[in-house]
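Shown next: start-v5.cif, given as mmCIF, C-alpha atoms and all ligand atoms.
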```
data_query
#
loop_
_atom_site.label_atom_id
_atom_site.label_comp_id
_atom_site.auth_asym_id
_atom_site.auth_seq_id
_atom_site.Cartn_x
_atom_site.Cartn_y
_atom_site.Cartn_z
CA MET A 1 -1.33 39.19 -6.62
CA GLU A 2 1.91 37.26 -6.80
CA THR A 3 1.14 35.48 -3.56
CA ILE A 4 -2.24 34.33 -4.85
CA ILE A 5 -0.63 32.89 -7.98
CA LEU A 6 1.96 31.14 -5.82
CA MET A 7 -0.78 29.72 -3.58
CA ILE A 8 -2.74 28.35 -6.53
CA PHE A 9 0.47 26.95 -7.98
CA GLY A 10 1.15 25.20 -4.68
CA VAL A 11 -2.33 23.72 -4.42
CA VAL A 12 -2.17 22.37 -7.98
CA VAL A 13 1.40 21.11 -8.05
CA ALA A 14 1.65 19.61 -4.54
CA PRO A 15 -0.66 16.60 -5.08
CA ILE A 16 1.06 15.74 -8.36
CA LEU A 17 4.43 15.93 -6.65
CA GLY A 18 3.19 14.04 -3.60
CA GLY A 19 1.71 11.27 -5.74
CA LEU A 20 4.93 10.90 -7.72
CA ILE A 21 6.95 10.78 -4.50
CA SER A 22 4.74 8.04 -3.11
CA GLY A 23 5.00 6.15 -6.43
CA VAL A 24 8.78 6.33 -6.33
CA ASP A 25 8.59 5.28 -2.69
CA ARG A 26 6.70 2.11 -3.57
CA LYS A 27 9.02 1.35 -6.47
CA VAL A 28 12.19 1.79 -4.39
CA THR A 29 10.67 -0.26 -1.56
CA ALA A 30 9.93 -3.06 -4.02
CA ARG A 31 13.48 -2.95 -5.40
CA LEU A 32 14.88 -3.13 -1.87
CA GLN A 33 12.85 -6.32 -1.42
CA SER A 34 14.09 -7.55 -4.83
CA ARG A 35 10.66 -7.31 -6.38
CA PHE A 36 9.78 -5.55 -9.60
CA GLY A 37 7.24 -3.22 -8.01
CA PRO A 38 4.24 -1.30 -9.31
CA PRO A 39 4.52 1.48 -11.90
CA ILE A 40 5.45 4.96 -10.67
CA LEU A 41 1.94 6.20 -11.48
CA GLN A 42 0.33 3.53 -9.28
CA PRO A 43 -0.79 5.95 -6.51
CA PHE A 44 -2.73 7.96 -9.10
CA TYR A 45 -4.48 4.82 -10.33
CA ASP A 46 -5.32 3.91 -6.74
CA VAL A 47 -6.83 7.27 -5.94
CA ALA A 48 -8.71 7.52 -9.25
CA LYS A 49 -10.18 4.09 -8.60
CA LEU A 50 -11.20 5.08 -5.09
CA PHE A 51 -13.02 8.11 -6.47
CA GLY A 52 -14.88 5.82 -8.87
CA LYS A 53 -16.28 3.63 -6.11
CA VAL A 54 -19.70 3.78 -4.52
CA LYS A 55 -19.96 6.07 -1.50
CA VAL A 56 -20.47 4.17 1.75
CA ILE A 57 -20.64 6.39 4.80
CA ASN A 58 -21.30 5.83 8.47
CA ASN A 59 -22.36 9.32 9.42
CA PHE A 60 -22.09 12.94 8.40
CA TRP A 61 -19.14 13.73 10.69
CA GLN A 62 -16.88 11.26 8.99
CA VAL A 63 -17.35 12.97 5.63
CA PHE A 64 -16.97 16.40 7.18
CA CYS A 65 -13.72 15.43 8.95
CA ALA A 66 -12.25 13.97 5.77
CA TRP A 67 -12.94 17.20 3.90
CA VAL A 68 -11.54 19.42 6.67
CA TYR A 69 -8.41 17.26 6.75
CA LEU A 70 -7.94 17.75 3.01
CA ILE A 71 -8.64 21.50 3.10
CA ALA A 72 -6.31 22.09 6.05
CA ALA A 73 -3.52 20.10 4.39
CA ALA A 74 -3.97 21.96 1.09
CA LEU A 75 -4.11 25.30 2.86
CA SER A 76 -0.90 24.66 4.80
CA VAL A 77 0.88 23.85 1.53
CA ALA A 78 -0.62 26.94 -0.10
CA LEU A 79 0.60 29.12 2.76
CA LEU A 80 4.02 27.51 2.53
CA PHE A 81 4.23 28.37 -1.17
CA ALA A 82 2.94 31.87 -0.46
CA GLN A 83 5.87 32.27 1.99
CA SER A 84 3.62 33.06 4.90
CA ASP A 85 4.21 32.78 8.63
CA LEU A 86 5.56 29.47 9.95
CA LEU A 87 3.42 29.60 13.08
CA LEU A 88 0.24 30.15 11.09
CA ILE A 89 1.15 27.22 8.85
CA PHE A 90 1.79 25.10 11.91
CA PHE A 91 -1.65 25.78 13.37
CA VAL A 92 -3.41 25.12 10.08
CA GLN A 93 -1.75 21.74 9.64
CA ALA A 94 -2.45 20.85 13.29
CA ILE A 95 -6.17 21.40 12.64
CA GLY A 96 -5.97 18.92 9.77
CA ALA A 97 -4.24 16.33 11.95
CA VAL A 98 -6.83 16.70 14.72
CA PHE A 99 -9.75 16.37 12.30
CA LEU A 100 -8.37 13.11 10.96
CA VAL A 101 -8.41 11.77 14.50
CA MET A 102 -11.98 13.03 14.96
CA GLY A 103 -12.99 11.31 11.74
CA GLY A 104 -11.66 8.05 13.16
CA LEU A 105 -13.48 8.60 16.44
CA ALA A 106 -16.75 9.44 14.64
CA SER A 107 -17.63 5.79 14.10
CA SER A 108 -17.96 3.18 16.79
CA SER A 109 -15.82 0.53 15.09
CA PRO A 110 -13.18 -0.68 17.55
CA TYR A 111 -10.41 -0.73 14.94
CA SER A 112 -11.13 2.82 13.99
CA GLN A 113 -11.28 3.88 17.63
CA VAL A 114 -7.96 2.25 18.52
CA GLY A 115 -6.39 3.67 15.38
CA ALA A 116 -7.64 7.15 16.24
CA GLN A 117 -6.21 6.95 19.76
CA ARG A 118 -2.86 5.91 18.37
CA GLU A 119 -2.98 8.62 15.74
CA LEU A 120 -3.65 11.13 18.50
CA ILE A 121 -0.54 9.96 20.35
CA GLN A 122 1.46 10.30 17.15
CA VAL A 123 0.21 13.85 16.71
CA LEU A 124 1.17 14.61 20.32
CA THR A 125 4.63 13.21 19.67
CA TYR A 126 5.56 15.14 16.56
CA GLU A 127 3.85 18.50 17.10
CA PRO A 128 6.16 19.66 19.95
CA LEU A 129 9.16 18.69 17.84
CA ILE A 130 7.92 20.72 14.88
CA ILE A 131 7.31 23.70 17.17
CA LEU A 132 10.88 23.37 18.49
CA VAL A 133 12.20 23.27 14.93
CA PHE A 134 10.27 26.43 14.06
CA ALA A 135 11.47 28.12 17.24
CA SER A 136 15.08 27.30 16.45
CA ILE A 137 14.66 28.64 12.92
CA PHE A 138 13.39 31.80 14.56
CA MET A 139 16.42 31.95 16.83
CA VAL A 140 18.77 31.80 13.86
CA THR A 141 17.00 34.07 11.40
CA GLY A 142 15.04 36.27 13.78
CA SER A 143 11.79 35.74 11.92
CA PHE A 144 8.92 33.30 11.49
CA ARG A 145 8.12 34.63 8.04
CA ILE A 146 9.33 32.36 5.26
CA ASP A 147 10.26 35.18 2.88
CA GLU A 148 12.57 36.61 5.53
CA ILE A 149 14.00 33.17 6.28
CA LEU A 150 14.73 32.73 2.59
CA ALA A 151 16.60 36.03 2.66
CA TYR A 152 19.05 34.59 5.22
CA ASP A 153 22.42 34.21 3.46
CA GLN A 154 23.61 30.90 4.92
CA PRO A 155 22.07 27.41 4.81
CA LEU A 156 20.27 26.73 8.08
CA LEU A 157 21.73 23.24 8.05
CA VAL A 158 25.09 24.67 9.12
CA LYS A 159 23.63 26.12 12.30
CA LEU A 160 20.89 23.60 12.99
CA PRO A 161 22.17 20.15 11.97
CA LEU A 162 20.59 18.41 14.96
CA MET A 163 17.28 20.17 14.43
CA PHE A 164 17.20 18.70 10.95
CA ILE A 165 17.43 15.21 12.43
CA VAL A 166 14.62 16.12 14.83
CA LEU A 167 12.55 17.21 11.84
CA GLY A 168 13.43 13.85 10.29
CA TYR A 169 11.72 12.14 13.22
CA ALA A 170 8.63 14.26 12.69
CA LEU A 171 8.73 13.38 9.00
CA THR A 172 8.92 9.65 9.71
CA ILE A 173 5.93 9.86 12.04
CA LYS A 174 3.95 12.09 9.71
CA LEU A 175 4.57 9.78 6.75
CA ARG A 176 3.46 6.88 8.97
CA LYS A 177 6.54 4.86 8.25
CA SER A 178 8.09 2.11 10.35
CA PRO A 179 8.91 2.05 13.24
CA PHE A 180 6.17 4.61 13.83
CA ASP A 181 3.46 3.20 11.55
CA PHE A 182 1.15 1.96 14.24
CA SER A 183 -1.95 4.07 13.61
CA THR A 184 -2.49 2.96 10.03
CA SER A 185 -0.56 0.30 8.20
CA HIS A 186 -1.23 -1.97 5.27
CA HIS A 187 0.70 -4.69 7.02
CA ALA A 188 -1.07 -4.82 10.37
CA HIS A 189 -4.08 -6.92 9.36
CA GLN A 190 -4.68 -8.89 12.52
CA GLU A 191 -3.63 -6.12 14.81
CA LEU A 192 -5.80 -3.22 13.71
CA VAL A 193 -6.83 -3.71 10.06
CA LYS A 194 -6.18 -0.17 8.79
CA GLY A 195 -6.37 1.77 12.02
CA VAL A 196 -7.83 5.22 11.81
CA LEU A 197 -8.66 4.73 8.12
CA THR A 198 -10.67 1.54 8.67
CA GLU A 199 -14.07 3.17 8.35
CA PHE A 200 -13.20 5.45 5.47
CA SER A 201 -13.89 3.90 2.11
CA GLY A 202 -14.19 4.77 -1.56
CA PRO A 203 -14.02 8.51 -2.37
CA TYR A 204 -13.37 9.49 1.25
CA LEU A 205 -10.33 7.26 1.45
CA GLY A 206 -9.25 8.96 -1.78
CA ILE A 207 -9.63 12.36 -0.17
CA ILE A 208 -7.48 11.29 2.75
CA GLU A 209 -4.83 9.91 0.41
CA LEU A 210 -4.80 13.22 -1.42
CA ALA A 211 -4.41 15.08 1.88
CA HIS A 212 -1.57 12.76 2.78
CA TRP A 213 0.25 13.76 -0.42
CA TYR A 214 -0.17 17.40 0.55
CA GLU A 215 1.30 16.64 3.96
CA THR A 216 4.29 14.86 2.43
CA VAL A 217 5.02 17.91 0.29
CA PHE A 218 4.46 20.16 3.29
CA ILE A 219 7.04 18.46 5.51
CA LEU A 220 9.52 18.13 2.64
CA GLY A 221 9.00 21.85 2.03
CA ILE A 222 9.97 22.56 5.63
CA CYS A 223 13.03 20.34 5.14
CA ALA A 224 13.89 22.37 2.03
CA LEU A 225 14.15 25.50 4.18
CA PHE A 226 17.30 24.05 5.71
CA TRP A 227 19.30 24.50 2.51
CA HIS A 228 17.45 27.28 0.77
CA THR A 229 20.52 28.99 -0.65
CA SER A 230 21.06 26.66 -3.62
CA LEU A 231 18.63 24.67 -5.74
CA VAL A 232 21.05 21.75 -6.07
CA GLY A 233 21.34 21.72 -2.30
CA VAL A 234 17.57 21.52 -1.86
CA VAL A 235 17.21 18.65 -4.32
CA LEU A 236 20.15 16.79 -2.81
CA LEU A 237 18.89 17.26 0.72
CA LEU A 238 15.33 16.18 -0.04
CA ALA A 239 16.37 13.17 -2.12
CA SER A 240 18.75 11.88 0.53
CA THR A 241 16.27 12.54 3.35
CA TYR A 242 13.51 10.66 1.59
CA PHE A 243 15.80 7.79 0.69
CA ALA A 244 16.89 7.50 4.32
CA GLU A 245 13.17 7.47 5.19
CA ILE A 246 12.51 4.53 2.85
CA LEU A 247 15.56 2.69 4.13
CA ILE A 248 14.39 3.08 7.74
CA ASP A 249 10.90 1.98 6.74
CA ASN A 250 12.26 -1.23 5.27
CA THR A 251 14.69 -2.13 8.02
CA MET A 252 12.62 -1.38 11.13
CA SER A 253 9.66 -3.18 12.59
CA ARG A 254 6.62 -1.51 14.09
CA MET A 255 6.98 -0.40 17.68
CA THR A 256 4.51 0.42 20.44
CA TRP A 257 3.31 3.91 21.21
CA ARG A 258 5.01 3.83 24.63
CA TRP A 259 8.35 3.22 22.99
CA MET A 260 7.71 5.95 20.46
CA LEU A 261 6.78 8.54 23.05
CA LYS A 262 9.76 7.74 25.26
CA TYR A 263 12.28 7.44 22.47
CA VAL A 264 11.25 10.31 20.24
CA TRP A 265 10.70 12.79 23.03
CA SER A 266 13.92 11.96 24.87
CA VAL A 267 16.13 11.89 21.78
CA GLY A 268 14.31 14.76 20.11
CA LEU A 269 14.37 17.02 23.16
CA VAL A 270 18.00 16.29 23.99
CA MET A 271 19.06 17.01 20.42
CA SER A 272 17.01 20.21 20.37
CA PHE A 273 18.52 21.46 23.61
CA VAL A 274 22.07 20.59 22.58
CA ASN A 275 21.57 22.40 19.32
CA LEU A 276 19.97 25.44 20.95
CA ILE A 277 22.67 25.71 23.63
CA TRP A 278 25.33 25.39 20.98
CA LEU A 279 23.59 28.10 18.98
CA HIS A 280 23.44 30.33 22.05
CA VAL A 281 27.09 29.87 22.98
CA GLY A 282 28.50 29.84 19.45
CA MET Y 1 -11.70 12.11 -19.94
CA PHE Y 2 -11.68 11.84 -16.16
CA LYS Y 3 -14.20 9.01 -16.30
CA LYS Y 4 -12.00 7.14 -18.74
CA PHE Y 5 -9.02 7.45 -16.39
CA ILE Y 6 -11.10 6.08 -13.51
CA ASP Y 7 -12.16 3.11 -15.63
CA LYS Y 8 -8.57 2.46 -16.61
CA SER Y 9 -7.45 2.78 -13.00
CA ARG Y 10 -9.98 0.20 -11.87
CA ALA Y 11 -8.24 -2.44 -13.92
CA LYS Y 12 -4.84 -1.25 -12.76
CA SER Y 13 -5.41 -1.17 -9.04
CA PRO Y 14 -7.30 -4.18 -7.72
CA TRP Y 15 -7.04 -4.31 -3.95
CA ILE Y 16 -7.64 -7.85 -2.83
CA MET Y 17 -9.20 -9.12 0.33
CA HIS Y 18 -8.70 -12.73 1.18
CA PHE Y 19 -11.14 -14.90 3.10
CA ASP Y 20 -10.54 -18.53 3.92
CA CYS Y 21 -13.70 -20.45 4.77
CA GLY Y 22 -11.78 -23.39 6.20
CA SER Y 23 -10.81 -26.83 4.85
CA CYS Y 24 -7.16 -27.75 4.42
CA ASN Y 25 -5.59 -24.30 4.07
CA GLY Y 26 -3.58 -25.32 0.98
CA CYS Y 27 -5.19 -22.75 -1.30
CA ASP Y 28 -4.86 -20.16 1.42
CA ILE Y 29 -1.11 -20.50 1.41
CA GLU Y 30 -0.99 -20.37 -2.37
CA VAL Y 31 -2.85 -17.05 -2.34
CA LEU Y 32 -0.30 -15.62 0.05
CA ALA Y 33 2.48 -17.01 -2.13
CA CYS Y 34 1.29 -14.68 -4.88
CA LEU Y 35 2.23 -11.72 -2.70
CA THR Y 36 5.80 -12.86 -2.12
CA PRO Y 37 8.71 -11.47 -4.18
CA MET Y 38 8.64 -14.70 -6.23
CA TYR Y 39 5.33 -13.85 -7.93
CA ASP Y 40 5.05 -10.20 -6.82
CA VAL Y 41 1.47 -9.35 -7.72
CA GLU Y 42 2.09 -5.83 -6.46
CA ARG Y 43 3.54 -5.04 -9.87
CA PHE Y 44 -0.04 -5.18 -11.17
CA GLY Y 45 -1.11 -2.78 -8.46
CA VAL Y 46 -2.52 -5.49 -6.21
CA VAL Y 47 -2.47 -4.66 -2.52
CA ASN Y 48 -3.55 -7.19 0.08
CA VAL Y 49 -5.90 -5.27 2.38
CA GLY Y 50 -7.42 -6.56 5.58
CA ASN Y 51 -10.57 -4.49 5.36
CA PRO Y 52 -13.57 -5.29 3.16
CA LYS Y 53 -14.40 -1.60 2.92
CA HIS Y 54 -11.20 -0.98 0.97
CA ALA Y 55 -11.27 -4.11 -1.17
CA ASP Y 56 -12.21 -4.46 -4.84
CA VAL Y 57 -11.72 -8.18 -5.27
CA LEU Y 58 -12.65 -10.86 -2.77
CA LEU Y 59 -10.63 -14.08 -2.97
CA VAL Y 60 -12.44 -16.95 -1.30
CA THR Y 61 -10.86 -20.31 -0.58
CA GLY Y 62 -12.18 -23.33 1.24
CA THR Y 63 -15.58 -24.83 1.89
CA VAL Y 64 -18.66 -22.92 2.95
CA ASN Y 65 -20.65 -24.24 5.86
CA PRO Y 66 -23.78 -22.78 7.46
CA ARG Y 67 -21.73 -21.04 10.12
CA ASN Y 68 -19.20 -19.16 8.02
CA ALA Y 69 -21.69 -18.51 5.24
CA LYS Y 70 -23.04 -15.65 7.36
CA VAL Y 71 -19.55 -14.21 7.77
CA LEU Y 72 -18.84 -14.53 4.06
CA ARG Y 73 -22.13 -12.83 3.19
CA ASN Y 74 -21.37 -10.05 5.68
CA ILE Y 75 -17.91 -9.41 4.22
CA TYR Y 76 -19.34 -9.42 0.71
CA ASP Y 77 -22.02 -6.90 1.68
CA GLN Y 78 -19.48 -4.57 3.25
CA MET Y 79 -17.47 -4.20 0.06
CA PRO Y 80 -18.49 -1.10 -1.89
CA ASP Y 81 -19.37 -1.59 -5.58
CA PRO Y 82 -17.90 -2.23 -8.10
CA LYS Y 83 -16.50 -5.47 -6.75
CA GLY Y 84 -15.51 -8.93 -7.96
CA VAL Y 85 -15.45 -12.34 -6.32
CA ILE Y 86 -13.02 -15.13 -7.17
CA ALA Y 87 -13.57 -18.66 -5.91
CA ILE Y 88 -10.29 -20.54 -5.56
CA GLY Y 89 -9.58 -24.25 -5.44
CA ALA Y 90 -11.74 -27.33 -5.76
CA CYS Y 91 -13.21 -26.57 -2.34
CA GLY Y 92 -14.31 -23.10 -3.34
CA LEU Y 93 -15.78 -24.34 -6.59
CA SER Y 94 -17.82 -27.29 -5.37
CA GLY Y 95 -16.73 -28.38 -1.93
CA GLY Y 96 -13.91 -30.49 -3.36
CA ILE Y 97 -12.95 -33.50 -1.33
CA PHE Y 98 -15.11 -32.23 1.52
CA ARG Y 99 -18.31 -31.93 -0.50
CA GLU Y 100 -19.88 -35.05 1.07
CA CYS Y 101 -19.43 -33.74 4.60
CA TYR Y 102 -22.61 -33.17 6.54
CA ASN Y 103 -21.91 -29.48 7.15
CA VAL Y 104 -20.63 -28.42 3.74
CA LEU Y 105 -23.01 -26.39 1.62
CA GLY Y 106 -21.06 -26.83 -1.63
CA GLY Y 107 -19.42 -24.10 -3.69
CA ILE Y 108 -18.97 -20.46 -2.76
CA ASP Y 109 -21.58 -19.55 -5.34
CA LYS Y 110 -24.27 -21.05 -3.12
CA VAL Y 111 -23.79 -18.03 -0.86
CA ILE Y 112 -22.51 -15.09 -2.91
CA PRO Y 113 -22.30 -14.48 -6.67
CA VAL Y 114 -18.92 -15.57 -8.06
CA ASP Y 115 -17.30 -13.94 -11.11
CA VAL Y 116 -14.29 -16.15 -11.71
CA TYR Y 117 -13.56 -19.77 -10.79
CA VAL Y 118 -9.96 -20.85 -10.34
CA PRO Y 119 -9.72 -24.66 -10.22
CA GLY Y 120 -6.94 -26.74 -8.69
CA CYS Y 121 -6.19 -28.57 -5.45
CA PRO Y 122 -4.37 -26.45 -4.49
CA ALA Y 123 -4.75 -23.78 -7.16
CA LYS Y 124 -1.42 -22.68 -8.60
CA PRO Y 125 -0.30 -19.11 -7.92
CA GLU Y 126 -0.10 -18.59 -11.68
CA ALA Y 127 -3.73 -19.65 -11.98
CA ILE Y 128 -4.75 -17.31 -9.16
CA ILE Y 129 -3.00 -14.36 -10.81
CA ASP Y 130 -4.74 -15.34 -14.04
CA GLY Y 131 -8.06 -15.36 -12.17
CA VAL Y 132 -7.48 -11.85 -10.78
CA VAL Y 133 -6.63 -10.57 -14.26
CA THR Y 134 -9.78 -12.20 -15.65
CA ALA Y 135 -11.87 -10.59 -12.91
CA LEU Y 136 -10.45 -7.22 -13.94
CA ALA Y 137 -12.00 -7.77 -17.35
CA LYS Y 138 -15.31 -7.43 -15.53
CA PHE Y 139 -14.33 -3.96 -14.32
CA GLU Y 140 -13.34 -3.03 -17.86
CA GLY Y 141 -16.70 -4.33 -19.02
CA LEU Y 142 -18.29 -1.68 -16.80
CA ARG Y 143 -16.98 0.98 -19.15
CA GLY Y 144 -20.08 0.78 -21.39
S1 LIG A 301 -8.92 -27.15 -2.91
FE1 LIG A 301 -7.51 -28.68 -2.12
S2 LIG A 301 -5.74 -27.46 -1.46
FE2 LIG A 301 -7.43 -26.06 -1.72
S3 LIG A 301 -8.31 -25.83 0.29
FE3 LIG A 301 -9.45 -27.44 -0.77
S4 LIG A 301 -8.44 -29.34 -0.21
FE4 LIG A 301 -7.06 -27.68 0.32
#
```

Is it possible to express this structure as structure tokens?
Amino acid sequence: METIILMIFGVVVAPILGGLISGVDRKVTARLQSRFGPPILQPFYDVAKLFGKVKVINNFWQVFCAWVYLIAAALSVALLFAQSDLLLIFFVQAIGAVFLVMGGLASSSPYSQVGAQRELIQVLTYEPLIILVFASIFMVTGSFRIDEILAYDQPLLVKLPLMFIVLGYALTIKLRKSPFDFSTSHHAHQELVKGVLTEFSGPYLGIIELAHWYETVFILGICALFWHTSLVGVVLLLASTYFAEILIDNTMSRMTWRWMLKYVWSVGLVMSFVNLIWLHVG
Amino acid sequence: MFKKFIDKSRAKSPWIMHFDCGSCNGCDIEVLACLTPMYDVERFGVVNVGNPKHADVLLVTGTVNPRNAKVLRNIYDQMPDPKGVIAIGACGLSGGIFRECYNVLGGIDKVIPVDVYVPGCPAKPEAIIDGVVTALAKFEGLRG
């Protein structure tokens, strides 16, 4: 019973939280560029407006993929709140990521196709890292279940500092921030318009935005596991992580997928192995 | 209640798409100037998108000729309703200094319906922002 209430709570609260985070993100970004910036509630206006637009669709699959993406993202957050199994959560969110790519591939527009290919490479880049993070959490706590991880008496950050940075890479890619924002970006007009989202419009773009908020909350939730022992710690950790994310977004330029694959895998894998060996020896 | 919020949001989040039909490019640069920190239209929720399928407001500068009229029409048709069109600069309004040219059709409104006209050669960024805000009044008029 309690788990069901927690799941519903997660599904309801996550988009509100995600929207607020993205509003703050835009505001802080604007301040960093010495602009005034849009109001904090701007993302909600955007999505509400998108839902009010006329539906223009290419084919059935596009709509279907958008919905599956949203449901998978919401379900992964719900499972996270219900303190379920990390591996199960991982597979559910991977389904969402794959369906977004399929939605992009469903139409024959070249921008959408190129965007989908790039998105697929992004997915391939961050999924192994997330798996490694989950595996290292397992090595420390001896369990994949979140309720048992939460029972662990020490912050995971003490034992897995490098894994947290690896998770930071996954977060940057998942949030589609520079230098990894090459599958969909507002600022890549000539290059690929809006990448994988090019063919989604109106309400379906709104659905994807909503799913993106769920994903933001999902990854930040995983980050929160690293300092689960104190509430202040969680807030501090998440705030500083997200601020670092915005800072990186504003100081880096977009890179190519080759660079991303080489850089993220080499750095990510080396850091993971160093951390795991250290864990094993220590 | 939800419907009301959507109507309010429409006026608060106009995503613009910018199409330059040609001519001297002066107005084109002024439109982009609006997006710089100096004028910062993003504080009104404006985002410059490169995709007609995501756009709410189409900003058109320059002169229409038989060749790009097709492109303009195509872009206009791809934008989902509700949408607004703003013609910018003397060229967009009537052909401006190019109106006597053999290939110029005249104003943008010869090709697609225009909601707001922003005069000037080039149009001032302030006037363009004013035009966008006026076009939003059309969205609010949809409330009915
Ligand atoms: S109105 Fe004047 S400034 Fe604008 S495009 Fe035409 S000639 Fe250039």

Report as an NGL selection string all protein, DNA and RNA residues lying within 12 Å of Leu32 in chain A, evaluated on all atoms listed in the file, omitting residues in the same chain fewer than 6 positions from it. (:A and (25-26 or 243 or 246-251)) or (:Y and (37))

Please return as JSON, numbers by chain the residues found within 10 Å of ligand LIG 301 (chain A), counting all atoms listed in the file. {"Y": [20, 21, 22, 23, 24, 25, 26, 27, 28, 29, 30, 60, 61, 62, 63, 88, 89, 90, 91, 92, 93, 94, 95, 96, 97, 98, 99, 118, 119, 120, 121, 122, 123, 124]}

Set the distance at 9 Å and use all atoms listed in the file: which residues neighbour Leu205 in chain A once local chain neighbours fewer than 4 positions away are removed? I'd like the list as a PDB file with C-alpha atoms, keeping the file's coordinate frame.
```pdb
ATOM      1  CA  VAL A  47      -6.830   7.270  -5.940  1.00  0.00           C
ATOM      2  CA  LEU A  50     -11.200   5.080  -5.090  1.00  0.00           C
ATOM      3  CA  PHE A  51     -13.020   8.110  -6.470  1.00  0.00           C
ATOM      4  CA  ALA A  66     -12.250  13.970   5.770  1.00  0.00           C
ATOM      5  CA  LEU A 197      -8.660   4.730   8.120  1.00  0.00           C
ATOM      6  CA  GLU A 199     -14.070   3.170   8.350  1.00  0.00           C
ATOM      7  CA  PHE A 200     -13.200   5.450   5.470  1.00  0.00           C
ATOM      8  CA  SER A 201     -13.890   3.900   2.110  1.00  0.00           C
ATOM      9  CA  GLU A 209      -4.830   9.910   0.410  1.00  0.00           C
ATOM     10  CA  LEU A 210      -4.800  13.220  -1.420  1.00  0.00           C
TER      11      LEU A 210
ATOM     12  CA  HIS Y  54     -11.200  -0.980   0.970  1.00  0.00           C
TER      13      HIS Y  54
END
```

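Near chain A, within 7 Å and counting only C-alpha atoms, the residues of chain Y are Ile6, Ser9, Arg10, Lys12, Ser13, Pro37, Asp40, Glu42, Arg43, Phe44, Gly45, Val49, Gly50, Asn51, Lys53, His54, Pro80, Asp81 and Pro82 of chain Y.
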
Taking all atoms listed in the file into account, name the residue in A:Tyr242, A:Tyr169, A:Phe81, A:Trp278 that is nearest to Ser266 in chain A.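 Among the listed residues, A:Tyr169 lies closest to Ser266 in chain A.
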
I want to know what sits within 9 Å of Leu132 in chain A, based on all atoms listed in the file, with residues of the same chain fewer than 5 positions away left out; could you give that as an MDAnalysis selection string? chainID A and resid 127 137 163 166 269 272

Output file for the selection above: C-alpha atoms, as a tab-separated table (two decimals), in the frame of the given file:
```tsv
chain	number	residue	atom	x	y	z
A	127	GLU	CA	3.85	18.50	17.10
A	137	ILE	CA	14.66	28.64	12.92
A	163	MET	CA	17.28	20.17	14.43
A	166	VAL	CA	14.62	16.12	14.83
A	269	LEU	CA	14.37	17.02	23.16
A	272	SER	CA	17.01	20.21	20.37
```

So the first atom is CA of Gln113 in chain A and the second is CA of Ile95 in chain A; what is the distance between them in Å, to one decimal place?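 Between CA of Gln113 in chain A and CA of Ile95 in chain A the gap works out to 18.9 Å.
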
From the list Y:Gly106, Y:Met17, Y:Lys8, Y:Tyr117, the nearest residue to Asp130 in chain Y using only C-alpha atoms is Y:Tyr117

Between CA of Ile89 in chain A and CA of Ile146 in chain A, measure the distance and give it in Å to one decimal.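 So the two atoms, CA of Ile89 in chain A and CA of Ile146 in chain A, lie 10.3 Å apart.
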
Is it possible to get the residues within 7 Å of (-4.2, -8.8, -6.2) (coordinates as in the file, counting only C-alpha atoms) written as JSON, numbers by chain? {"Y": [14, 15, 16, 41, 42, 46, 47, 48, 132]}

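For the atom pair formed by CA of Tyr76 in chain Y and CA of Gly104 in chain A, the distance is 22.8 Å, given to one decimal.
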
Can you list, as a list in words, every protein, DNA or RNA residue that comes within 8 Å of Ile8 in chain A when you count all atoms listed in the file, leaving out same-chain residues fewer than 4 positions away?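 What passes the distance filter is Ile4, Val12 and Ala78 of chain A.
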
Under the rule that all atoms listed in the file are counted, which of Y:Ile129, Y:His18, Y:Phe5, Y:Leu105 is the nearest residue to Arg67 in chain Y?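 Of all the options, Y:Leu105 lies closest to Arg67 in chain Y.
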
Choose the residue, out of A:Ile5, A:Val158, A:Val114, A:Leu86, that has the smallest atom-to-atom separation from Ile219 in chain A; count all atoms listed in the file.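 Answer, going by the shortest atom-to-atom distance: A:Leu86.
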
Which of A:Leu167, A:Ala151, A:Val140, A:Met255 sits closest to Gln83 in chain A [using only C-alpha atoms]: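 Selected residue with least distance to Gln83 in chain A: A:Ala151.
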
Name the residues within 9 Å of (-21.5, -19.1, -2.4), counting all atoms listed in the file in the file's coordinates, and put them as a list in words.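 Residues with an atom at most 9 Å from (-21.5, -19.1, -2.4): Val64, Ala69, Leu72, Arg73, Ala87, Gly92, Leu93, Leu105, Gly106, Gly107, Ile108, Asp109, Lys110, Val111, Ile112, Pro113 and Val114 of chain Y.
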
Skip Phe99 in chain A itself and residues of its chain fewer than 5 positions away, then list as a list in words all residues within 7 Å of it, counting all atoms listed in the file. Cys65, Val68 and Tyr69 of chain A

Name the closest residue to Leu87 in chain A among the candidates A:Ser230, A:Ser109, A:Ser143, A:Asn58; distances are taken between atoms, counting only C-alpha atoms. A:Ser143

I'd like the box whose edges run along x, y and z of the file and which contains every listed atom of range 101-113 of chain Y, padded by 8 Å per side; could you state its centre and edge lengths in Å, one decimal, as lines of an AutoDock Vina configuration file?
```
center_x = -21.6
center_y = -24.1
center_z = 0.2
size_x = 21.3
size_y = 35.3
size_z = 29.8
```
